[in-house]
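Structure file model12.txt; described as compact mmCIF, C-alpha atoms.
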# COMPACT_ATOMS: atom_id res chain seq x y z
CA MET G 1 0.00 0.00 0.00
CA ALA G 2 1.30 3.43 -0.91
CA LEU G 3 1.05 5.83 2.04
CA TYR G 4 1.31 9.48 1.09
CA LEU G 5 0.34 12.83 2.49
CA PRO G 6 -2.42 14.62 0.60
CA ALA G 7 -1.30 17.90 -0.91
CA VAL G 8 -3.04 19.97 1.76
CA ALA G 9 -1.16 18.11 4.50
CA VAL G 10 2.18 18.77 2.82
CA MET G 11 1.25 22.44 2.41
CA VAL G 12 0.41 22.80 6.09
CA LEU G 13 3.57 21.04 7.27
CA GLN G 14 5.77 23.17 5.02
CA LEU G 15 4.43 26.31 6.66
CA PHE G 16 6.13 25.34 9.90
CA ASP G 17 9.68 24.35 9.02
CA HIS G 18 12.67 26.40 10.10
CA GLY G 19 13.23 27.92 6.69
CA ASN G 20 15.89 25.34 5.82
CA GLY G 21 13.64 22.33 5.27
CA ASP G 22 14.24 20.81 8.73
CA PHE G 23 11.19 20.17 10.86
CA MET G 24 11.11 20.74 14.58
CA ASP G 25 11.76 17.89 17.01
CA PHE G 26 8.66 17.19 19.09
CA THR G 27 10.06 14.36 21.21
CA TRP G 28 8.37 14.22 24.62
CA THR G 29 10.55 14.60 27.71
CA GLU G 30 10.36 12.13 30.58
CA GLN G 31 8.47 14.73 32.63
CA GLU G 32 5.93 15.22 29.85
CA GLN G 33 5.48 11.48 29.38
CA ALA G 34 4.92 11.08 33.13
CA PHE G 35 2.35 13.89 33.05
CA ARG G 36 0.44 12.19 30.23
CA LYS G 37 0.50 8.87 32.07
CA ARG G 38 -0.79 10.57 35.22
CA LEU G 39 -3.69 12.03 33.26
CA GLN G 40 -4.51 8.69 31.64
CA GLU G 41 -4.52 6.97 35.03
CA PHE G 42 -6.73 9.71 36.50
CA LEU G 43 -9.24 9.34 33.66
CA ALA G 44 -9.27 5.57 33.94
CA ALA G 45 -9.94 5.78 37.67
CA THR G 46 -12.48 8.62 37.52
CA LEU G 47 -14.73 8.24 34.48
CA PRO G 48 -17.77 5.98 34.97
CA ASP G 49 -18.01 2.63 33.21
CA ASP G 50 -20.75 3.88 30.87
CA TRP G 51 -18.88 7.07 30.01
CA GLU G 52 -18.72 6.52 26.23
CA ARG G 53 -22.46 6.12 25.91
CA PHE G 54 -23.09 8.95 28.37
CA SER G 55 -20.73 11.38 26.60
CA GLN G 56 -22.17 10.89 23.12
CA HIS G 57 -24.91 13.44 23.86
CA GLY G 58 -22.46 16.32 23.67
CA PRO G 59 -20.42 18.47 26.07
CA ALA G 60 -23.24 21.01 26.48
CA SER G 61 -25.99 18.55 27.40
CA PRO G 62 -27.47 19.24 30.85
CA ASP G 63 -26.41 15.84 32.18
CA LEU G 64 -22.82 16.14 31.00
CA THR G 65 -22.59 19.75 32.18
CA LYS G 66 -23.69 18.65 35.64
CA TYR G 67 -21.19 15.78 35.58
CA ALA G 68 -18.41 18.09 34.37
CA GLU G 69 -18.69 20.32 37.41
CA GLY G 70 -17.91 17.43 39.74
CA PHE G 71 -15.26 16.07 37.40
CA CYS G 72 -13.52 19.44 37.17
CA GLY G 73 -13.62 19.73 40.94
CA LYS G 74 -11.72 16.44 41.11
CA LEU G 75 -9.26 17.68 38.49
CA ALA G 76 -8.73 20.84 40.53
CA ALA G 77 -8.13 18.81 43.70
CA GLU G 78 -5.34 16.96 41.85
CA ASN G 79 -3.89 20.21 40.44
CA LEU G 80 -4.81 19.04 36.95
CA LEU G 81 -7.37 21.65 35.94
CA THR G 82 -5.12 24.69 35.40
CA PRO G 83 -1.57 23.30 35.76
CA HIS G 84 -0.32 25.61 32.98
CA TRP G 85 -1.31 28.73 34.91
CA ALA G 86 1.14 30.55 37.19
CA ARG G 87 1.25 29.38 40.80
CA GLU G 88 0.10 32.73 42.17
CA ILE G 89 -3.21 32.41 40.30
CA GLY G 90 -3.98 28.78 41.10
CA GLY G 91 -1.76 26.85 38.72
CA GLU G 92 1.41 24.79 38.78
CA GLY G 93 3.48 26.96 36.47
CA LEU G 94 3.79 24.27 33.79
CA ASP G 95 4.58 25.20 30.20
CA PRO G 96 2.31 25.20 27.11
CA TRP G 97 3.38 21.64 26.23
CA HIS G 98 1.74 20.38 29.40
CA GLN G 99 -1.37 22.37 28.49
CA SER G 100 -1.40 20.59 25.13
CA ILE G 101 -0.98 17.17 26.72
CA LEU G 102 -3.83 17.93 29.12
CA ALA G 103 -6.11 19.04 26.29
CA GLU G 104 -5.22 16.04 24.12
CA GLU G 105 -6.02 13.50 26.81
CA MET G 106 -9.29 15.22 27.69
CA TRP G 107 -10.40 15.30 24.05
CA ILE G 108 -9.39 11.68 23.45
CA ALA G 109 -11.63 10.84 26.41
CA GLY G 110 -14.54 12.82 24.91
CA GLU G 111 -13.91 16.06 26.85
CA PRO G 112 -15.34 15.30 30.31
CA ARG G 113 -14.61 18.91 31.30
CA GLY G 114 -17.62 19.95 29.21
CA GLY G 115 -17.67 23.70 28.67
CA GLN G 116 -15.02 24.20 31.33
CA TYR G 117 -12.29 23.82 28.70
CA MET G 118 -13.08 27.37 27.51
CA ASN G 119 -12.28 28.71 30.96
CA VAL G 120 -8.82 27.17 31.21
CA ASN G 121 -7.87 27.70 27.56
CA TRP G 122 -8.83 31.28 26.84
CA ILE G 123 -11.31 32.98 29.18
CA GLY G 124 -9.05 32.62 32.21
CA PRO G 125 -5.86 33.69 30.38
CA THR G 126 -7.74 36.64 28.84
CA LEU G 127 -8.92 37.78 32.28
CA ILE G 128 -5.39 37.39 33.59
CA LYS G 129 -3.97 39.56 30.81
CA TYR G 130 -6.69 42.21 30.44
CA GLY G 131 -8.98 42.01 33.47
CA SER G 132 -9.03 44.42 36.38
CA GLN G 133 -7.99 43.15 39.79
CA ALA G 134 -11.64 43.14 40.84
CA GLN G 135 -12.60 41.05 37.79
CA GLN G 136 -9.80 38.58 38.44
CA ASP G 137 -10.82 38.29 42.10
CA GLN G 138 -14.44 37.74 41.05
CA TYR G 139 -14.00 35.20 38.28
CA LEU G 140 -10.67 33.35 38.54
CA PRO G 141 -11.32 31.38 41.76
CA ALA G 142 -14.46 29.79 40.29
CA ILE G 143 -12.43 28.75 37.23
CA THR G 144 -9.55 27.26 39.18
CA GLU G 145 -11.96 25.42 41.48
CA GLY G 146 -13.84 23.94 38.52
CA TYR G 147 -17.40 25.21 38.79
CA ALA G 148 -17.50 28.23 36.45
CA LEU G 149 -19.37 27.98 33.15
CA TRP G 150 -19.16 30.73 30.52
CA CYS G 151 -20.63 31.34 27.08
CA GLN G 152 -19.21 33.60 24.39
CA GLY G 153 -21.49 36.15 22.77
CA PHE G 154 -19.75 36.54 19.40
CA SER G 155 -21.77 35.51 16.31
CA GLU G 156 -24.92 37.32 15.22
CA PRO G 157 -27.43 36.81 12.42
CA GLY G 158 -25.65 38.20 9.37
CA SER G 159 -22.27 38.53 11.11
CA GLY G 160 -20.95 35.11 11.95
CA SER G 161 -17.29 34.85 10.97
CA ASP G 162 -17.13 38.59 10.25
CA LEU G 163 -17.11 39.79 13.85
CA ALA G 164 -16.37 43.38 12.82
CA SER G 165 -19.90 43.66 11.39
CA LEU G 166 -21.67 42.87 14.68
CA ARG G 167 -24.62 45.09 15.61
CA THR G 168 -25.45 44.34 19.26
CA ARG G 169 -25.23 47.77 20.84
CA ALA G 170 -24.18 48.99 24.29
CA GLU G 171 -25.12 52.61 24.99
CA LEU G 172 -23.57 54.37 27.97
CA ASP G 173 -26.12 55.73 30.47
CA GLY G 174 -24.35 57.18 33.49
CA ASP G 175 -22.34 54.41 35.11
CA GLU G 176 -24.20 51.67 33.22
CA TYR G 177 -24.35 50.27 29.70
CA VAL G 178 -27.73 49.50 28.17
CA VAL G 179 -27.39 46.51 25.83
CA ASN G 180 -29.73 45.65 22.96
CA GLY G 181 -29.24 43.05 20.26
CA GLN G 182 -29.07 39.36 19.46
CA LYS G 183 -26.43 36.63 19.43
CA ILE G 184 -26.72 33.25 17.72
CA TRP G 185 -25.00 29.84 17.73
CA THR G 186 -24.03 30.49 21.35
CA SER G 187 -22.80 27.29 23.00
CA TYR G 188 -23.68 26.67 26.68
CA ALA G 189 -25.86 29.80 26.90
CA GLY G 190 -28.72 27.89 28.52
CA LEU G 191 -26.55 26.79 31.45
CA ALA G 192 -23.77 29.40 31.63
CA GLN G 193 -23.38 31.80 34.53
CA THR G 194 -21.55 34.54 32.61
CA CYS G 195 -21.40 35.77 29.02
CA PHE G 196 -18.22 37.08 27.40
CA LEU G 197 -20.08 39.56 25.20
CA LEU G 198 -18.87 41.50 22.19
CA CYS G 199 -20.94 44.62 21.57
CA ARG G 200 -20.71 47.87 19.67
CA THR G 201 -20.05 51.12 21.53
CA SER G 202 -19.30 53.26 18.45
CA ASP G 203 -19.68 53.07 14.68
CA ASP G 204 -16.00 52.43 13.97
CA ARG G 205 -15.87 48.97 12.37
CA LYS G 206 -13.17 47.48 14.62
CA ARG G 207 -12.30 50.13 17.20
CA GLY G 208 -15.97 50.50 18.06
CA ILE G 209 -16.24 47.04 19.66
CA THR G 210 -16.14 46.55 23.43
CA ILE G 211 -16.29 43.51 25.71
CA LEU G 212 -18.72 43.21 28.62
CA LEU G 213 -18.77 40.39 31.18
CA ILE G 214 -22.49 39.96 31.84
CA PRO G 215 -24.16 37.61 34.35
CA MET G 216 -26.66 35.46 32.43
CA ASP G 217 -29.36 35.98 35.06
CA THR G 218 -29.44 39.74 34.38
CA ASP G 219 -32.91 41.11 33.63
CA GLY G 220 -33.63 41.42 29.91
CA ILE G 221 -31.65 38.38 28.72
CA THR G 222 -33.66 35.67 26.92
CA VAL G 223 -32.12 32.36 25.81
CA ARG G 224 -33.71 30.07 23.22
CA GLN G 225 -32.26 26.70 22.29
CA ILE G 226 -31.68 25.96 18.59
CA PRO G 227 -32.49 22.35 17.54
CA SER G 228 -29.25 20.60 16.67
CA ILE G 229 -27.96 17.37 15.17
CA ILE G 230 -24.70 17.48 17.13
CA GLY G 231 -25.95 16.80 20.64
CA GLU G 232 -28.21 18.08 23.36
CA GLY G 233 -28.28 21.73 24.36
CA ASP G 234 -25.28 22.79 22.30
CA ILE G 235 -26.37 26.03 20.65
CA HIS G 236 -28.73 28.91 21.37
CA GLU G 237 -30.04 32.30 20.40
CA VAL G 238 -29.55 34.97 23.05
CA PHE G 239 -31.58 38.20 23.07
CA PHE G 240 -30.62 41.36 24.96
CA ASP G 241 -33.53 43.73 25.61
CA ASN G 242 -32.50 46.88 27.49
CA VAL G 243 -30.06 44.88 29.60
CA ARG G 244 -28.38 47.17 32.11
CA VAL G 245 -24.88 46.35 33.30
CA SER G 246 -22.35 48.38 35.28
CA THR G 247 -19.35 49.89 33.52
CA SER G 248 -17.25 47.81 35.94
CA ALA G 249 -18.27 44.82 33.81
CA ARG G 250 -16.27 46.16 30.86
CA LEU G 251 -13.14 44.13 30.07
CA GLY G 252 -10.35 46.50 29.10
CA GLU G 253 -11.12 49.87 27.56
CA GLU G 254 -13.89 50.86 25.20
CA GLY G 255 -12.88 49.87 21.68
CA GLN G 256 -10.15 47.49 22.83
CA ALA G 257 -12.09 44.33 22.00
CA TRP G 258 -10.39 43.67 18.66
CA GLU G 259 -7.00 43.43 20.34
CA ILE G 260 -8.38 41.30 23.17
CA ILE G 261 -10.25 38.79 21.01
CA GLY G 262 -7.18 38.40 18.79
CA PHE G 263 -5.38 37.12 21.87
CA SER G 264 -8.38 35.07 22.99
CA LEU G 265 -9.11 33.33 19.68
CA THR G 266 -5.53 32.17 19.24
CA ASN G 267 -5.77 30.46 22.61
CA GLU G 268 -9.25 29.12 21.87
CA ARG G 269 -8.50 27.51 18.52
CA LEU G 270 -5.21 25.95 19.56
CA GLY G 271 -6.49 24.91 22.98
CA ILE G 272 -8.92 22.48 21.36
CA PRO G 273 -6.86 19.59 19.91
CA ARG G 274 -9.69 18.07 17.92
CA TYR G 275 -7.10 16.16 15.89
CA SER G 276 -6.48 13.96 18.93
CA LEU G 277 -10.13 12.90 19.11
CA ALA G 278 -10.21 12.41 15.33
CA ARG G 279 -7.13 10.17 15.39
CA SER G 280 -8.46 8.19 18.35
CA ALA G 281 -11.77 7.69 16.51
CA LEU G 282 -9.94 6.60 13.36
CA ASP G 283 -7.85 4.09 15.29
CA ARG G 284 -11.01 2.77 16.94
CA ALA G 285 -12.73 2.41 13.56
CA VAL G 286 -9.78 0.60 11.99
CA SER G 287 -9.59 -1.76 14.98
CA ILE G 288 -13.27 -2.63 14.61
CA LEU G 289 -12.86 -3.25 10.89
CA LYS G 290 -9.84 -5.49 11.49
CA GLU G 291 -11.66 -7.53 14.14
CA ARG G 292 -14.47 -8.38 11.75
CA GLY G 293 -12.21 -8.95 8.74
CA ASP G 294 -13.25 -5.86 6.79
CA PHE G 295 -9.87 -4.13 6.57
CA ASP G 296 -8.38 -6.22 3.78
CA SER G 297 -9.12 -4.16 0.70
CA GLU G 298 -6.53 -1.75 -0.69
CA ALA G 299 -9.15 1.00 -1.01
CA THR G 300 -10.08 0.83 2.67
CA LYS G 301 -6.44 0.96 3.76
CA ILE G 302 -5.70 3.92 1.50
CA GLU G 303 -8.69 5.87 2.83
CA ALA G 304 -7.57 5.16 6.40
CA ALA G 305 -4.04 6.27 5.49
CA HIS G 306 -5.32 9.53 4.04
CA ALA G 307 -7.25 10.25 7.23
CA ALA G 308 -4.27 9.32 9.43
CA ALA G 309 -1.95 11.58 7.40
CA LEU G 310 -4.28 14.53 7.85
CA CYS G 311 -4.51 13.90 11.60
CA GLU G 312 -0.72 13.91 11.83
CA ALA G 313 -0.43 17.04 9.69
CA SER G 314 -2.87 18.76 12.00
CA ARG G 315 -0.98 17.61 15.07
CA MET G 316 2.37 18.83 13.71
CA ALA G 317 0.92 22.19 12.68
CA SER G 318 -0.54 22.66 16.15
CA TYR G 319 2.70 21.59 17.82
CA ALA G 320 4.61 24.19 15.81
CA ILE G 321 2.36 26.86 17.29
CA VAL G 322 2.76 25.44 20.80
CA SER G 323 6.53 25.49 20.30
CA ARG G 324 6.42 29.18 19.47
CA ARG G 325 4.19 29.88 22.45
CA ALA G 326 6.57 27.97 24.74
CA LYS G 327 9.42 30.19 23.50
CA GLY G 328 7.40 33.32 24.18
CA GLU G 329 7.11 34.19 20.48
CA LYS G 330 4.15 36.07 19.07
CA ILE G 331 1.54 33.92 17.31
CA GLY G 332 -0.25 35.37 14.33
CA ALA G 333 -2.15 34.20 11.28
CA GLU G 334 -0.32 30.88 11.11
CA ALA G 335 -2.75 29.69 13.79
CA SER G 336 -5.31 29.57 10.97
CA SER G 337 -3.13 27.03 9.14
CA ALA G 338 -3.26 24.73 12.14
CA ARG G 339 -6.98 25.29 12.43
CA PHE G 340 -7.61 24.43 8.76
CA ALA G 341 -5.48 21.30 9.01
CA THR G 342 -7.68 20.17 11.88
CA ILE G 343 -10.82 20.83 9.83
CA MET G 344 -9.51 18.60 7.05
CA ALA G 345 -8.58 15.83 9.49
CA GLU G 346 -11.94 15.83 11.25
CA ARG G 347 -13.88 15.81 8.03
CA ARG G 348 -11.87 12.93 6.57
CA VAL G 349 -12.27 10.76 9.67
CA ALA G 350 -16.01 11.48 9.84
CA GLU G 351 -16.33 10.54 6.16
CA PHE G 352 -14.35 7.33 6.73
CA VAL G 353 -16.70 6.26 9.53
CA VAL G 354 -19.79 7.02 7.45
CA GLU G 355 -18.39 5.01 4.54
CA TYR G 356 -17.13 1.93 6.38
CA LEU G 357 -18.99 1.87 9.72
CA PRO G 358 -22.34 3.60 9.09
CA GLU G 359 -23.96 1.66 11.93
CA ALA G 360 -21.98 3.91 14.30
CA LEU G 361 -24.48 6.67 13.61
CA ALA G 362 -27.24 4.41 14.94
CA ASP G 363 -25.57 3.98 18.34
CA ALA G 364 -23.67 0.77 17.54
CA HIS G 365 -20.38 2.51 18.44
CA PRO G 366 -21.01 5.43 20.83
CA TYR G 367 -17.44 6.74 20.69
CA LEU G 368 -17.52 6.97 16.90
CA LYS G 369 -20.94 8.63 17.00
CA MET G 370 -19.62 11.14 19.52
CA HIS G 371 -16.75 12.04 17.20
CA HIS G 372 -19.00 12.20 14.15
CA GLN G 373 -21.29 14.72 15.84
CA ARG G 374 -18.27 16.96 16.37
CA GLY G 375 -16.57 16.18 13.07
CA ILE G 376 -19.52 17.16 10.89
CA VAL G 377 -19.39 20.73 12.20
CA ALA G 378 -15.66 21.05 11.49
CA GLY G 379 -15.21 24.16 9.44
CA ILE G 380 -18.09 25.95 11.13
CA ALA G 381 -17.38 25.92 14.86
CA ALA G 382 -14.42 27.98 16.11
CA GLY G 383 -13.91 29.75 12.79
CA ALA G 384 -15.33 28.96 9.37
CA ALA G 385 -13.04 27.06 6.99
CA GLU G 386 -13.42 29.67 4.25
CA ILE G 387 -12.37 32.47 6.61
CA GLN G 388 -9.33 30.44 7.70
CA LEU G 389 -8.32 29.92 4.06
CA ASN G 390 -8.62 33.64 3.34
CA ILE G 391 -6.37 34.40 6.32
CA ILE G 392 -3.83 31.79 5.21
CA ALA G 393 -3.79 33.15 1.66
CA SER G 394 -3.32 36.79 2.62
CA ASP G 395 -1.43 36.76 5.91
CA VAL G 396 0.61 33.53 5.76
CA LEU G 397 1.30 33.00 2.05
CA GLY G 398 1.24 36.68 1.17
CA LEU G 399 -1.06 36.27 -1.82
CA PRO G 400 -2.73 39.40 -3.21
CA ARG G 401 -6.36 39.98 -2.36
CA GLU G 402 -7.13 41.41 -5.80
CA PRO G 403 -5.88 40.29 -9.23
CA ARG G 404 -3.03 42.49 -10.38

Take the structure I supplied and represent it as structure tokens, if you would.
Amino acid sequence: MALYLPAVAVMVLQLFDHGNGDFMDFTWTEQEQAFRKRLQEFLAATLPDDWERFSQHGPASPDLTKYAEGFCGKLAAENLLTPHWAREIGGEGLDPWHQSILAEEMWIAGEPRGGQYMNVNWIGPTLIKYGSQAQQDQYLPAITEGYALWCQGFSEPGSGSDLASLRTRAELDGDEYVVNGQKIWTSYAGLAQTCFLLCRTSDDRKRGITILLIPMDTDGITVRQIPSIIGEGDIHEVFFDNVRVSTSARLGEEGQAWEIIGFSLTNERLGIPRYSLARSALDRAVSILKERGDFDSEATKIEAAHAAALCEASRMASYAIVSRRAKGEKIGAEASSARFATIMAERRVAEFVVEYLPEALADAHPYLKMHHQRGIVAGIAAGAAEIQLNIIASDVLGLPREPR
């Protein structure tokens, strides 16, 4: 069988060499290997026997959200919830590689942290970097102890991936903002305690956007669940009708949101190693096919090899970003390359399962169904594929936006 990387995988990997054709060495240290083993042992000892069937309903389902709070409390007790944070704010001071290992093992297990992963990946670090002392004192302890649940008020009808076109408005009235508008596709909104809300405070396209941290039980907020094929309770519409919130709820300065969300989204997209779940699902599918004697044809092996190659390309692209973060280097548009590689990997694995194990979608293999529900939205959640490609073309490859 000929094993080769699809062209897109080669393209992504080439974006991350050292300029001389040599790729980075991502060999795990003994400390990192021990950390991964510790996580695996914790998961094996903590997750219930029926976890795979239980987790297939999605990380935002009410049952899993309730379970996640207790699970995250146990993680926190073992110093495994925010180990990559500084010690003075509830962490262990571990580097970004340990954060990646933590995220990989959680996603391979089906993400038992539920929506809490947002807190440790980007909401917490954003509050640490841009929040006032009062905001940090209010919100960080709940994150480090494992019981905070946030939602992000970003997308709107007509302004999904183009955040600069958002229309939800916050008008200053004395020492309060009055918020009116609508958000859509908001994960966890029905159960979240706090919303990380982007709103418009002036007409300037980018410098007119401001962030407010709004309690979800504030008068004037209405949440409506959107029927979904990817699990229970995942996405919602959120309406703001003359919602009044103190100016102390503003994160950073008025008009600073564009800078802040640039920092946040880099952490968000690279803090979700979906490639690890995709590769685990692929390995599970291949194992099932081998056990029943259905992995003999050349076509099946080639399709599995294509999917595996894309998973590895995604992993390497993500590791290159982690390496830069560990060195303290600035991360820019190349994060979109890692994100697009992950989209391709998830799609290919989901397609492989549909083609060769379609019974998985009818609950025969809960783990594969769980991955499929997440894989089919690859390219929509956490940044549309088309937007990522535009960023790669203009900001990574330097291609002109208009024909010359």

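Across the structure, atom CA of Gln373 of chain G and atom CA of Glu346 of chain G are spaced 10.5 Å apart.
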
So which residues are close to (-18.9, 45.1, 12.5), meaning at most 12 Å away in the file's coordinates with all atoms listed in the file counted, and can you show them as number ranges by chain?
G: 154-169, 198-210, 255, 257-258

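Our summary of the geometry notes that atom CA of Pro273 of chain G is positioned 8.0 Å from atom CA of Ser318 of chain G.
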
Do you know which residues lie at most 7 Å from (-11.3, 35.2, 33.6), with coordinates as in the file and all atoms listed in the file counted, and could you write them as a count of residues only?
9

Taking all atoms of segment 51-70 of chain G that the file lists, what box with edges along x, y and z, padded by 5 Å per side, do you get, with centre and edge lengths in Å to one decimal, as JSON?
{"center_x": -22.7, "center_y": 13.6, "center_z": 31.4, "size_x": 19.6, "size_y": 24.9, "size_z": 26.6}

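Distances to Ser132 of chain G were evaluated for G:Cys311, G:Leu265, G:Ala249, G:Ala189 using all atoms listed in the file, and the minimum falls at G:Ala249.
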
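When atom CA of Tyr367 of chain G is paired with atom CA of Ala103 of chain G, their separation reads 17.6 Å.
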
Find the spatial neighbours of Gly375 of chain G, counting all atoms listed in the file, within a cut-off of 9 Å - ignore same-chain residues fewer than 6 positions away - and output them as a short mmCIF file (atom, residue, chain, number, x, y, z; two decimals) with C-alpha atoms, in the frame of the given file.
data_model
loop_
_atom_site.label_atom_id
_atom_site.label_comp_id
_atom_site.auth_asym_id
_atom_site.auth_seq_id
_atom_site.Cartn_x
_atom_site.Cartn_y
_atom_site.Cartn_z
CA ARG G 274 -9.69 18.07 17.92
CA ALA G 278 -10.21 12.41 15.33
CA ILE G 343 -10.82 20.83 9.83
CA ALA G 345 -8.58 15.83 9.49
CA GLU G 346 -11.94 15.83 11.25
CA ARG G 347 -13.88 15.81 8.03
CA ARG G 348 -11.87 12.93 6.57
CA VAL G 349 -12.27 10.76 9.67
CA ALA G 350 -16.01 11.48 9.84
CA GLU G 351 -16.33 10.54 6.16
#

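Closest approach to Asp95 of chain G from the set G:Pro215, G:Gly328, G:Pro366, G:Gly220 is made by G:Gly328, with distances taken over only C-alpha atoms.
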
If we count all atoms listed in the file, what is near segment 363-365 of chain G at a cut-off of 12 Å, once residues fewer than 5 positions away on the same chain are taken out, given as a JSON list (two decimals) with C-alpha atoms, keeping the file's coordinate frame?
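Below is the file part.json, written as the result:
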[["chain", "number", "residue", "atom", "x", "y", "z"],
["G", 52, "GLU", "CA", -18.72, 6.52, 26.23],
["G", 53, "ARG", "CA", -22.46, 6.12, 25.91],
["G", 54, "PHE", "CA", -23.09, 8.95, 28.37],
["G", 56, "GLN", "CA", -22.17, 10.89, 23.12],
["G", 57, "HIS", "CA", -24.91, 13.44, 23.86],
["G", 281, "ALA", "CA", -11.77, 7.69, 16.51],
["G", 284, "ARG", "CA", -11.01, 2.77, 16.94],
["G", 285, "ALA", "CA", -12.73, 2.41, 13.56],
["G", 288, "ILE", "CA", -13.27, -2.63, 14.61],
["G", 353, "VAL", "CA", -16.70, 6.26, 9.53],
["G", 354, "VAL", "CA", -19.79, 7.02, 7.45],
["G", 357, "LEU", "CA", -18.99, 1.87, 9.72],
["G", 358, "PRO", "CA", -22.34, 3.60, 9.09],
["G", 370, "MET", "CA", -19.62, 11.14, 19.52],
["G", 371, "HIS", "CA", -16.75, 12.04, 17.20],
["G", 372, "HIS", "CA", -19.00, 12.20, 14.15],
["G", 373, "GLN", "CA", -21.29, 14.72, 15.84]]

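Among the candidate residues G:Arg244, G:Leu94, G:Ser280, G:Gly115, the one lying nearest to Val179 of chain G is G:Arg244, with distances computed using all atoms listed in the file.
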
Using only C-alpha atoms, the shortest atom-to-atom distance to Glu312 of chain G among G:Arg292, G:Arg36, G:His84, G:Arg279 belongs to G:Arg279

Skip Glu104 of chain G itself and residues of its chain fewer than 5 positions away, then list as a PyMOL selection string all residues within 12 Å of it, counting only C-alpha atoms.
chain G and resi 35-36+39-40+97-99+109-112+117+270-280+315+318-319

I want to know what sits within 7 Å of Phe239 of chain G, based on all atoms listed in the file, with residues of the same chain fewer than 5 positions away left out; could you give that as a PyMOL selection string?
chain G and resi 181-183+221-223

Output C-alpha atoms of each residue in that selection to a file, as an mmCIF file, keeping the file's coordinate frame.
data_model
loop_
_atom_site.group_PDB
_atom_site.id
_atom_site.type_symbol
_atom_site.label_atom_id
_atom_site.label_comp_id
_atom_site.auth_asym_id
_atom_site.auth_seq_id
_atom_site.Cartn_x
_atom_site.Cartn_y
_atom_site.Cartn_z
ATOM 1 C CA GLY G 181 -29.240 43.050 20.260
ATOM 2 C CA GLN G 182 -29.070 39.360 19.460
ATOM 3 C CA LYS G 183 -26.430 36.630 19.430
ATOM 4 C CA ILE G 221 -31.650 38.380 28.720
ATOM 5 C CA THR G 222 -33.660 35.670 26.920
ATOM 6 C CA VAL G 223 -32.120 32.360 25.810
#

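Between Leu64 of chain G and the residues G:Ile235, G:Tyr188, G:Ala77, G:Gly91, the shortest atom-to-atom distance, using only C-alpha atoms, involves G:Tyr188.
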
Using all atoms listed in the file, find the one residue out of G:Ala44, G:Val245, G:Ala68, G:Leu251 that sits nearest to Tyr130 of chain G.
G:Leu251
